[in-house]
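To keep things clear, I will list the structure first and then write my remarks on it.
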Amino acid sequence: MHYQTESWNDYVAVEEIERMASRNAVVIFSTNTCCMRHAIKRLLCGMGVNPTVYELDPSWEQALFSLLGNSSSSSLPVVFIGGKLVGSMDNVMAAHINGTLVLLLKEAGALWL
(Lines give C-alpha, C1' and ligand atoms only; values in the text may rest on other atoms or scores of the structure.)
Protein backbone atom coordinates (compact mmCIF):
# COMPACT_ATOMS: atom_id res chain seq x y z
CA MET A 1 0.00 0.00 0.00
CA HIS A 2 1.18 3.50 -0.72
CA TYR A 3 0.28 6.08 1.90
CA GLN A 4 0.64 9.73 1.10
CA THR A 5 -0.46 12.63 3.19
CA GLU A 6 -0.39 16.04 1.60
CA SER A 7 -1.24 19.27 3.36
CA TRP A 8 -2.95 22.14 1.57
CA ASN A 9 -3.40 25.66 2.84
CA ASP A 10 -6.52 26.55 0.92
CA TYR A 11 -9.22 25.07 -1.28
CA VAL A 12 -8.18 21.97 -3.22
CA ALA A 13 -9.60 22.20 -6.74
CA VAL A 14 -11.58 19.37 -8.25
CA GLU A 15 -9.02 19.25 -11.06
CA GLU A 16 -6.27 18.53 -8.53
CA ILE A 17 -8.23 15.65 -7.02
CA GLU A 18 -8.85 14.24 -10.48
CA ARG A 19 -5.16 14.58 -11.31
CA MET A 20 -4.21 12.73 -8.12
CA ALA A 21 -6.81 10.05 -8.87
CA SER A 22 -5.40 9.48 -12.36
CA ARG A 23 -1.84 8.85 -11.12
CA ASN A 24 -2.57 5.25 -10.14
CA ALA A 25 -4.96 2.52 -11.25
CA VAL A 26 -6.84 2.49 -7.93
CA VAL A 27 -6.94 5.47 -5.57
CA ILE A 28 -8.76 5.81 -2.26
CA PHE A 29 -9.39 9.18 -0.63
CA SER A 30 -10.19 8.91 3.06
CA THR A 31 -9.36 10.08 6.55
CA ASN A 32 -7.02 8.22 8.86
CA THR A 33 -9.91 7.38 11.21
CA CYS A 34 -12.28 5.96 8.57
CA CYS A 35 -13.06 2.31 9.36
CA MET A 36 -14.61 1.74 5.92
CA ARG A 37 -11.26 2.55 4.31
CA HIS A 38 -9.89 -0.60 5.89
CA ALA A 39 -12.77 -2.68 4.52
CA ILE A 40 -12.23 -1.43 0.96
CA LYS A 41 -8.46 -1.90 1.20
CA ARG A 42 -9.00 -5.43 2.50
CA LEU A 43 -11.37 -6.25 -0.36
CA LEU A 44 -8.99 -4.85 -3.00
CA CYS A 45 -5.87 -6.42 -1.51
CA GLY A 46 -7.67 -9.75 -1.32
CA MET A 47 -8.21 -9.46 -5.07
CA GLY A 48 -4.51 -8.74 -5.65
CA VAL A 49 -4.91 -4.98 -6.13
CA ASN A 50 -2.58 -2.48 -4.45
CA PRO A 51 -4.50 0.80 -4.04
CA THR A 52 -2.92 4.17 -3.38
CA VAL A 53 -4.46 5.80 -0.31
CA TYR A 54 -4.57 9.57 0.20
CA GLU A 55 -5.42 10.59 3.74
CA LEU A 56 -7.42 13.80 3.69
CA ASP A 57 -7.01 16.74 5.95
CA PRO A 58 -10.03 19.00 6.51
CA SER A 59 -9.06 21.41 3.72
CA TRP A 60 -9.41 18.61 1.13
CA GLU A 61 -12.81 17.38 2.15
CA GLN A 62 -14.87 20.25 0.73
CA ALA A 63 -13.33 19.88 -2.72
CA LEU A 64 -13.90 16.13 -2.69
CA PHE A 65 -17.50 16.52 -1.56
CA SER A 66 -18.13 19.14 -4.24
CA LEU A 67 -16.89 16.62 -6.80
CA LEU A 68 -19.35 14.10 -5.37
CA GLY A 69 -22.14 16.63 -5.08
CA ASN A 70 -22.34 15.78 -1.39
CA SER A 71 -21.42 17.57 1.82
CA SER A 72 -21.60 14.62 4.21
CA SER A 73 -18.52 12.89 5.56
CA SER A 74 -20.49 9.64 5.52
CA SER A 75 -19.43 9.40 1.86
CA LEU A 76 -15.85 8.59 2.83
CA PRO A 77 -13.89 6.73 1.63
CA VAL A 78 -14.11 7.68 -2.03
CA VAL A 79 -12.66 5.35 -4.66
CA PHE A 80 -11.38 6.11 -8.15
CA ILE A 81 -10.54 3.28 -10.55
CA GLY A 82 -8.71 4.09 -13.75
CA GLY A 83 -9.04 7.79 -12.96
CA LYS A 84 -12.84 7.51 -12.93
CA LEU A 85 -14.96 8.15 -9.87
CA VAL A 86 -16.55 4.94 -8.62
CA GLY A 87 -17.89 6.48 -5.43
CA SER A 88 -18.14 5.48 -1.81
CA MET A 89 -18.19 2.12 -0.06
CA ASP A 90 -21.75 1.40 -1.23
CA ASN A 91 -20.80 1.81 -4.88
CA VAL A 92 -17.67 -0.34 -4.56
CA MET A 93 -19.55 -3.13 -2.79
CA ALA A 94 -22.39 -3.00 -5.32
CA ALA A 95 -19.85 -3.30 -8.15
CA HIS A 96 -18.22 -6.22 -6.37
CA ILE A 97 -21.53 -8.02 -5.82
CA ASN A 98 -22.79 -7.54 -9.38
CA GLY A 99 -19.43 -8.53 -10.90
CA THR A 100 -18.46 -5.23 -12.50
CA LEU A 101 -15.64 -4.43 -10.04
CA VAL A 102 -13.33 -7.02 -11.59
CA LEU A 103 -14.01 -5.59 -15.05
CA LEU A 104 -13.26 -2.04 -13.86
CA LEU A 105 -10.02 -3.20 -12.25
CA LYS A 106 -8.93 -5.07 -15.39
CA GLU A 107 -9.69 -2.07 -17.62
CA ALA A 108 -7.64 0.16 -15.29
CA GLY A 109 -4.69 -2.26 -15.40
CA ALA A 110 -4.91 -2.98 -11.67
CA LEU A 111 -5.82 -6.63 -12.13
CA TRP A 112 -4.39 -8.94 -14.77
CA LEU A 113 -6.26 -12.21 -14.17
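Please note that chains go A, B, ... in the order of the C-alpha coordinates, that every chain numbers its residues from 1, and that ligands are numbered from 1 in the order shown.
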
Selection: 12 Å around region 96-100 of chain A, only C-alpha atoms, excl. self and same-chain fewer than 5 positions, as a PyMOL selection string = chain A and resi 40+43-44+47+81+86+89-91+105-107

For Phe80 (chain A), work out the shell of residues within 6 Å, counting only C-alpha atoms and skipping chain neighbours fewer than 2 positions away, then give it as number ranges by chain.
-> A: 26-27, 83-86

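Shortest separation to Leu111 (chain A) among A:Ser30, A:Pro51, A:Ala21, A:His38 occurs at residue A:Pro51, atoms counted being only C-alpha atoms.
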
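Ranking A:Gly46, A:Pro77, A:Gly69, A:Gly82 by their shortest atom-to-atom distance to Arg23 (chain A), with only C-alpha atoms included, puts A:Gly82 first.
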
Which one of A:Met20, A:Thr52, A:Phe29, A:Ala110 sits closest to Ser75 (chain A) if you count only C-alpha atoms?
-> A:Phe29

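Distances here use only C-alpha atoms; by that measure, the residue among A:Ala39, A:Leu56, A:Ile17, A:Cys34 closest to Met93 (chain A) is A:Ala39.
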
From a DSSP pass on the backbone, collect the residues of region 27-93 of chain A flagged as strand (DSSP E or B) and hand them back as a list of chain:residue names.
-> A:Val27, A:Ile28, A:Phe29, A:Ser30, A:Thr52, A:Val53, A:Tyr54, A:Glu55, A:Val78, A:Val79, A:Phe80, A:Ile81, A:Lys84, A:Leu85, A:Val86, A:Gly87

Could you write out the selected residues, including N, CA, C and O atoms, as a PDB file, in the first residue's frame?
ATOM      1  N   VAL A  27      -7.254   4.449  -6.563  1.00  0.00           N
ATOM      2  CA  VAL A  27      -6.940   5.470  -5.567  1.00  0.00           C
ATOM      3  C   VAL A  27      -8.109   5.586  -4.601  1.00  0.00           C
ATOM      4  O   VAL A  27      -9.265   5.633  -5.009  1.00  0.00           O
ATOM      5  N   ILE A  28      -7.771   5.625  -3.308  1.00  0.00           N
ATOM      6  CA  ILE A  28      -8.764   5.806  -2.256  1.00  0.00           C
ATOM      7  C   ILE A  28      -8.466   7.118  -1.546  1.00  0.00           C
ATOM      8  O   ILE A  28      -7.335   7.350  -1.118  1.00  0.00           O
ATOM      9  N   PHE A  29      -9.479   7.968  -1.433  1.00  0.00           N
ATOM     10  CA  PHE A  29      -9.387   9.182  -0.631  1.00  0.00           C
ATOM     11  C   PHE A  29     -10.166   8.941   0.647  1.00  0.00           C
ATOM     12  O   PHE A  29     -11.328   8.525   0.596  1.00  0.00           O
ATOM     13  N   SER A  30      -9.539   9.187   1.793  1.00  0.00           N
ATOM     14  CA  SER A  30     -10.194   8.908   3.059  1.00  0.00           C
ATOM     15  C   SER A  30      -9.560   9.747   4.156  1.00  0.00           C
ATOM     16  O   SER A  30      -8.710  10.590   3.892  1.00  0.00           O
ATOM     17  N   THR A  52      -3.591   3.026  -3.983  1.00  0.00           N
ATOM     18  CA  THR A  52      -2.922   4.169  -3.377  1.00  0.00           C
ATOM     19  C   THR A  52      -3.943   4.864  -2.490  1.00  0.00           C
ATOM     20  O   THR A  52      -5.078   5.079  -2.911  1.00  0.00           O
ATOM     21  N   VAL A  53      -3.552   5.182  -1.273  1.00  0.00           N
ATOM     22  CA  VAL A  53      -4.464   5.804  -0.314  1.00  0.00           C
ATOM     23  C   VAL A  53      -3.976   7.208   0.005  1.00  0.00           C
ATOM     24  O   VAL A  53      -2.830   7.397   0.389  1.00  0.00           O
ATOM     25  N   TYR A  54      -4.848   8.186  -0.195  1.00  0.00           N
ATOM     26  CA  TYR A  54      -4.569   9.568   0.204  1.00  0.00           C
ATOM     27  C   TYR A  54      -5.402   9.866   1.437  1.00  0.00           C
ATOM     28  O   TYR A  54      -6.628   9.732   1.409  1.00  0.00           O
ATOM     29  N   GLU A  55      -4.725  10.227   2.509  1.00  0.00           N
ATOM     30  CA  GLU A  55      -5.419  10.587   3.739  1.00  0.00           C
ATOM     31  C   GLU A  55      -5.705  12.085   3.708  1.00  0.00           C
ATOM     32  O   GLU A  55      -4.799  12.896   3.599  1.00  0.00           O
ATOM     33  N   VAL A  78     -13.725   7.513  -0.633  1.00  0.00           N
ATOM     34  CA  VAL A  78     -14.113   7.682  -2.028  1.00  0.00           C
ATOM     35  C   VAL A  78     -13.065   6.971  -2.883  1.00  0.00           C
ATOM     36  O   VAL A  78     -11.867   7.148  -2.684  1.00  0.00           O
ATOM     37  N   VAL A  79     -13.541   6.186  -3.850  1.00  0.00           N
ATOM     38  CA  VAL A  79     -12.656   5.353  -4.661  1.00  0.00           C
ATOM     39  C   VAL A  79     -12.712   5.788  -6.120  1.00  0.00           C
ATOM     40  O   VAL A  79     -13.791   6.024  -6.665  1.00  0.00           O
ATOM     41  N   PHE A  80     -11.533   5.886  -6.718  1.00  0.00           N
ATOM     42  CA  PHE A  80     -11.380   6.113  -8.150  1.00  0.00           C
ATOM     43  C   PHE A  80     -10.685   4.888  -8.730  1.00  0.00           C
ATOM     44  O   PHE A  80      -9.707   4.403  -8.163  1.00  0.00           O
ATOM     45  N   ILE A  81     -11.181   4.397  -9.853  1.00  0.00           N
ATOM     46  CA  ILE A  81     -10.536   3.285 -10.550  1.00  0.00           C
ATOM     47  C   ILE A  81     -10.309   3.727 -11.990  1.00  0.00           C
ATOM     48  O   ILE A  81     -11.242   4.143 -12.673  1.00  0.00           O
ATOM     49  N   LYS A  84     -11.400   7.228 -12.900  1.00  0.00           N
ATOM     50  CA  LYS A  84     -12.835   7.510 -12.926  1.00  0.00           C
ATOM     51  C   LYS A  84     -13.428   7.322 -11.535  1.00  0.00           C
ATOM     52  O   LYS A  84     -13.122   6.352 -10.841  1.00  0.00           O
ATOM     53  N   LEU A  85     -14.302   8.219 -11.162  1.00  0.00           N
ATOM     54  CA  LEU A  85     -14.960   8.153  -9.868  1.00  0.00           C
ATOM     55  C   LEU A  85     -15.894   6.950  -9.818  1.00  0.00           C
ATOM     56  O   LEU A  85     -16.796   6.817 -10.632  1.00  0.00           O
ATOM     57  N   VAL A  86     -15.649   6.061  -8.861  1.00  0.00           N
ATOM     58  CA  VAL A  86     -16.553   4.941  -8.616  1.00  0.00           C
ATOM     59  C   VAL A  86     -17.542   5.349  -7.533  1.00  0.00           C
ATOM     60  O   VAL A  86     -18.724   5.094  -7.634  1.00  0.00           O
ATOM     61  N   GLY A  87     -17.029   5.993  -6.495  1.00  0.00           N
ATOM     62  CA  GLY A  87     -17.894   6.484  -5.430  1.00  0.00           C
ATOM     63  C   GLY A  87     -17.463   5.973  -4.071  1.00  0.00           C
ATOM     64  O   GLY A  87     -16.303   5.645  -3.850  1.00  0.00           O
TER      65      GLY A  87
END

Judged by only C-alpha atoms, the minimum distance to Leu76 (chain A) among A:Val14, A:Ala25, A:Val102, A:Cys35 is found for A:Cys35

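Taking CA of Glu18 (chain A) as the reference point, CA of Leu68 (chain A) is found at 11.7 Å.
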
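The smallest atom-to-atom distance between Trp112 (chain A) and any of A:Gly48, A:Lys41, A:Glu16, A:Asn32, using only C-alpha atoms, is found for A:Gly48.
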
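CA of Phe65 (chain A) to CA of Ser88 (chain A) spans 11.1 Å [interatomic distance, one decimal].
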
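With CA of Thr31 (chain A) on one side and CA of Trp60 (chain A) on the other, the separation reads 10.1 Å.
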